[in-house]
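coords25.pdb, holding PDB, C-alpha atoms:
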```pdb
ATOM      1  CA  GLN A  41       0.000   0.000   0.000
ATOM      2  CA  VAL A  42       1.061   3.551  -0.598
ATOM      3  CA  GLN A  43      -0.247   6.504   1.371
ATOM      4  CA  LEU A  44      -0.955   9.746  -0.446
ATOM      5  CA  VAL A  45      -1.301  13.278   0.899
ATOM      6  CA  GLU A  46      -2.314  16.161  -1.343
ATOM      7  CA  SER A  47      -1.526  19.808  -0.734
ATOM      8  CA  GLY A  48      -1.550  23.108  -2.573
ATOM      9  CA  GLY A  49      -5.257  23.674  -2.950
ATOM     10  CA  GLY A  50      -6.891  26.965  -2.116
ATOM     11  CA  LEU A  51      -8.863  29.914  -3.408
ATOM     12  CA  VAL A  52      -7.802  31.537  -6.660
ATOM     13  CA  GLN A  53      -9.399  33.962  -9.069
ATOM     14  CA  ALA A  54     -10.433  32.871 -12.517
ATOM     15  CA  GLY A  55      -7.430  32.928 -14.798
ATOM     16  CA  GLY A  56      -5.067  32.243 -11.936
ATOM     17  CA  SER A  57      -2.779  29.320 -11.230
ATOM     18  CA  LEU A  58      -2.234  26.736  -8.553
ATOM     19  CA  ARG A  59       0.247  23.917  -8.147
ATOM     20  CA  LEU A  60      -0.946  20.802  -6.402
ATOM     21  CA  SER A  61       1.438  18.343  -4.825
ATOM     22  CA  CYS A  62       0.897  14.774  -3.731
ATOM     23  CA  ALA A  63       3.434  13.205  -1.402
ATOM     24  CA  ALA A  64       3.622   9.431  -1.250
ATOM     25  CA  SER A  65       4.874   7.183   1.516
ATOM     26  CA  GLY A  66       4.917   3.483   2.146
ATOM     27  CA  ARG A  67       5.826   1.390  -0.863
ATOM     28  CA  THR A  68       8.265   2.460  -3.549
ATOM     29  CA  PHE A  69       6.758   5.473  -5.306
ATOM     30  CA  SER A  70       8.196   4.626  -8.694
ATOM     31  CA  ASP A  71       6.245   1.348  -8.675
ATOM     32  CA  TYR A  72       3.089   3.336  -9.395
ATOM     33  CA  ALA A  73       1.596   5.232 -12.252
ATOM     34  CA  MET A  74      -0.125   8.267 -10.783
ATOM     35  CA  GLY A  75      -3.274  10.151 -11.579
ATOM     36  CA  TRP A  76      -5.215  13.246 -10.647
ATOM     37  CA  PHE A  77      -8.993  13.265 -10.484
ATOM     38  CA  ARG A  78     -11.508  15.836  -9.324
ATOM     39  CA  GLN A  79     -15.014  15.871  -8.001
ATOM     40  CA  ALA A  80     -17.226  18.910  -7.917
ATOM     41  CA  LEU A  81     -20.186  19.218  -5.609
ATOM     42  CA  ARG A  82     -23.046  16.963  -6.716
ATOM     43  CA  LYS A  83     -21.066  15.700  -9.690
ATOM     44  CA  GLU A  84     -19.290  12.496 -10.570
ATOM     45  CA  ARG A  85     -15.569  12.179 -10.069
ATOM     46  CA  GLU A  86     -13.722  12.859 -13.296
ATOM     47  CA  PHE A  87     -10.293  12.173 -14.663
ATOM     48  CA  VAL A  88      -7.895  15.103 -14.960
ATOM     49  CA  SER A  89      -4.446  13.764 -15.786
ATOM     50  CA  ALA A  90      -2.106  10.823 -15.298
ATOM     51  CA  ILE A  91       1.577  10.044 -15.610
ATOM     52  CA  SER A  92       3.497   6.838 -16.149
ATOM     53  CA  ARG A  93       5.944   5.358 -13.691
ATOM     54  CA  SER A  94       8.822   6.778 -15.702
ATOM     55  CA  GLY A  95       7.256  10.198 -16.075
ATOM     56  CA  GLY A  96       7.710   9.907 -19.818
ATOM     57  CA  LYS A  97       4.070   9.307 -20.703
ATOM     58  CA  THR A  98       1.285  11.651 -19.721
ATOM     59  CA  VAL A  99      -2.387  11.902 -20.540
ATOM     60  CA  TYR A 100      -4.868  14.718 -19.999
ATOM     61  CA  ALA A 101      -8.597  15.244 -20.102
ATOM     62  CA  ASP A 102      -9.521  17.300 -23.136
ATOM     63  CA  SER A 103     -10.857  20.054 -20.910
ATOM     64  CA  VAL A 104      -7.444  20.724 -19.338
ATOM     65  CA  LYS A 105      -5.075  20.143 -22.245
ATOM     66  CA  GLY A 106      -2.735  23.041 -22.753
ATOM     67  CA  ARG A 107      -3.464  24.500 -19.306
ATOM     68  CA  PHE A 108      -2.526  21.750 -16.841
ATOM     69  CA  THR A 109       0.794  19.949 -16.553
ATOM     70  CA  ILE A 110       1.428  16.786 -14.584
ATOM     71  CA  SER A 111       4.915  15.838 -13.478
ATOM     72  CA  ARG A 112       6.599  13.619 -10.944
ATOM     73  CA  ASP A 113       9.830  13.451  -9.030
ATOM     74  CA  ASN A 114      10.594   9.871  -8.111
ATOM     75  CA  THR A 115      13.468  10.996  -5.895
ATOM     76  CA  ARG A 116      11.062  13.082  -3.816
ATOM     77  CA  ASN A 117       8.145  10.603  -3.974
ATOM     78  CA  THR A 118       5.914  13.391  -5.224
ATOM     79  CA  VAL A 119       3.597  14.030  -8.136
ATOM     80  CA  TYR A 120       2.557  17.529  -9.141
ATOM     81  CA  LEU A 121      -0.262  19.151 -11.049
ATOM     82  CA  GLN A 122       0.402  22.640 -12.344
ATOM     83  CA  MET A 123      -2.908  24.285 -13.158
ATOM     84  CA  ASN A 124      -2.988  27.486 -15.179
ATOM     85  CA  THR A 125      -5.811  29.676 -16.460
ATOM     86  CA  LEU A 126      -8.224  28.150 -13.989
ATOM     87  CA  LYS A 127     -11.960  28.453 -14.561
ATOM     88  CA  PRO A 128     -14.759  28.709 -11.986
ATOM     89  CA  GLU A 129     -16.251  25.433 -13.213
ATOM     90  CA  GLU A 130     -13.037  23.714 -12.146
ATOM     91  CA  THR A 131     -13.895  24.265  -8.517
ATOM     92  CA  ALA A 132     -13.687  20.795  -6.993
ATOM     93  CA  VAL A 133     -11.891  18.526  -4.596
ATOM     94  CA  TYR A 134      -8.791  17.267  -6.356
ATOM     95  CA  TYR A 135      -7.588  13.767  -5.585
ATOM     96  CA  CYS A 136      -4.278  12.124  -6.173
ATOM     97  CA  ALA A 137      -4.299   8.391  -6.895
ATOM     98  CA  ALA A 138      -1.837   5.577  -7.432
ATOM     99  CA  ASP A 139      -2.534   2.588  -9.631
ATOM    100  CA  GLY A 140      -2.220  -1.057  -8.670
ATOM    101  CA  ALA A 141       1.582  -1.018  -9.039
ATOM    102  CA  GLY A 142       3.744  -3.004 -11.390
ATOM    103  CA  SER A 143       2.624  -1.529 -14.705
ATOM    104  CA  PRO A 144       5.370  -1.374 -17.326
ATOM    105  CA  TRP A 145       7.792   1.484 -16.748
ATOM    106  CA  TYR A 146       6.885   3.300 -19.963
ATOM    107  CA  ALA A 147       3.247   2.268 -20.272
ATOM    108  CA  GLN A 148       0.595   4.842 -21.064
ATOM    109  CA  PRO A 149      -1.194   5.549 -17.769
ATOM    110  CA  SER A 150      -4.886   4.821 -17.420
ATOM    111  CA  GLU A 151      -7.692   7.390 -17.362
ATOM    112  CA  GLU A 152     -10.009   4.960 -15.584
ATOM    113  CA  SER A 153     -10.533   5.532 -11.877
ATOM    114  CA  ARG A 154     -11.092   1.806 -11.312
ATOM    115  CA  GLU A 155      -7.430   1.210 -12.191
ATOM    116  CA  TYR A 156      -6.328   3.329  -9.252
ATOM    117  CA  LYS A 157      -6.215   1.481  -5.952
ATOM    118  CA  ASN A 158      -4.823   4.066  -3.580
ATOM    119  CA  TRP A 159      -6.322   7.490  -3.033
ATOM    120  CA  GLY A 160      -5.467  10.591  -1.058
ATOM    121  CA  GLN A 161      -7.932  12.547   1.031
ATOM    122  CA  GLY A 162      -8.217  15.339  -1.523
ATOM    123  CA  THR A 163      -7.501  19.037  -1.557
ATOM    124  CA  GLN A 164     -10.099  21.716  -2.237
ATOM    125  CA  VAL A 165      -9.606  24.041  -5.182
ATOM    126  CA  THR A 166     -11.982  26.975  -5.422
ATOM    127  CA  VAL A 167     -11.903  29.266  -8.430
ATOM    128  CA  SER A 168     -13.802  32.505  -8.008
ATOM    129  CA  SER A 169     -15.298  34.410 -10.921
TER     130      SER A 169
END
```
Structure translated into structure tokens:
Amino acid sequence: QVQLVESGGGLVQAGGSLRLSCAASGRTFSDYAMGWFRQALRKEREFVSAISRSGGKTVYADSVKGRFTISRDNTRNTVYLQMNTLKPEETAVYYCAADGAGSPWYAQPSEESREYKNWGQGTQVTVSS
């Protein structure tokens, strides 16, 4: 099992930026592909972005392409989500997640939440208009 703790959420004006971090502990961080998901009030959880174990493969939801950047530092056991040009409709709790471990080093990470077995507690992002 890997434990995940998100940070970096907060209140930002529309058009602003935030950088989320997710610190992992427990098992070897580089064993896991990592993802970011979000859930707005009264809405289903949705995929935001994911990154392979190596960091060389990334995938984004269409709605965030060109504005969000996922990255990871396997030496610091941390995955990041840089969010630029934020919109009010992106107000949500953002969750970091780790997959089931053992995926190929360079494999394309999954966009499916069911593939992610370990979840953080979430961090609130509020974008004001």
Contact residues around Ile91 in chain A with only C-alpha atoms at 6 Å, ignoring same-chain residues under 6 positions, as a ChimeraX atom specification: /A:73-74,97-98,149
Nearby residues (all atoms listed in the file) at most 10 Å from Gln41 in chain A, same-chain spacing under 4 positions excluded, as a ChimeraX atom specification: /A:65-68,138,140-141,157-158
For the file shown, report as a list in words the outcome of the PyMOL selection byres ((chain A and resi 86) around 9) at residue level. Trp76, Phe77, Arg78, Gln79, Ala80, Lys83, Glu84, Arg85, Phe87, Val88, Ala101 and Ser153 of chain A
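Of the residues under consideration (A:Thr163, A:Gln122, A:Ser70, A:Ser150), A:Gln122 shows the shortest atom-to-atom contact distance to Gly56 in chain A when counting all atoms listed in the file.
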Leaving out range 92-95 of chain A and any residue of its chain fewer than 6 positions from it, which residues lie within 12 Å of it when counting only C-alpha atoms, given as JSON, numbers by chain? {"A": [68, 69, 70, 71, 72, 73, 74, 75, 109, 110, 111, 112, 113, 114, 115, 117, 118, 119, 120, 138, 139, 140, 141, 142, 143, 144, 145, 146, 147, 148, 149, 150, 151]}
Would you write out those residues with C-alpha atoms, as a compact mmCIF listing (two decimals), keeping the file's coordinate frame?
```
# COMPACT_ATOMS: atom_id res chain seq x y z
CA THR A 68 8.26 2.46 -3.55
CA PHE A 69 6.76 5.47 -5.31
CA SER A 70 8.20 4.63 -8.69
CA ASP A 71 6.24 1.35 -8.68
CA TYR A 72 3.09 3.34 -9.40
CA ALA A 73 1.60 5.23 -12.25
CA MET A 74 -0.12 8.27 -10.78
CA GLY A 75 -3.27 10.15 -11.58
CA THR A 109 0.79 19.95 -16.55
CA ILE A 110 1.43 16.79 -14.58
CA SER A 111 4.92 15.84 -13.48
CA ARG A 112 6.60 13.62 -10.94
CA ASP A 113 9.83 13.45 -9.03
CA ASN A 114 10.59 9.87 -8.11
CA THR A 115 13.47 11.00 -5.90
CA ASN A 117 8.14 10.60 -3.97
CA THR A 118 5.91 13.39 -5.22
CA VAL A 119 3.60 14.03 -8.14
CA TYR A 120 2.56 17.53 -9.14
CA ALA A 138 -1.84 5.58 -7.43
CA ASP A 139 -2.53 2.59 -9.63
CA GLY A 140 -2.22 -1.06 -8.67
CA ALA A 141 1.58 -1.02 -9.04
CA GLY A 142 3.74 -3.00 -11.39
CA SER A 143 2.62 -1.53 -14.70
CA PRO A 144 5.37 -1.37 -17.33
CA TRP A 145 7.79 1.48 -16.75
CA TYR A 146 6.88 3.30 -19.96
CA ALA A 147 3.25 2.27 -20.27
CA GLN A 148 0.60 4.84 -21.06
CA PRO A 149 -1.19 5.55 -17.77
CA SER A 150 -4.89 4.82 -17.42
CA GLU A 151 -7.69 7.39 -17.36
```
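The gap separating CA of Leu121 in chain A from CA of Gln53 in chain A is 17.5 Å, in Å to one decimal.
For the choices A:Val42, A:Ala64, A:Thr131, A:Arg116, the atom-to-atom distance to Ser168 in chain A is smallest for A:Thr131 when using only C-alpha atoms.
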Val167 in chain A environment, 7 Å, only C-alpha atoms, sequence neighbours closer than 6 positions dropped, as a PyMOL selection string: chain A and resi 51-54+126-128+130-131
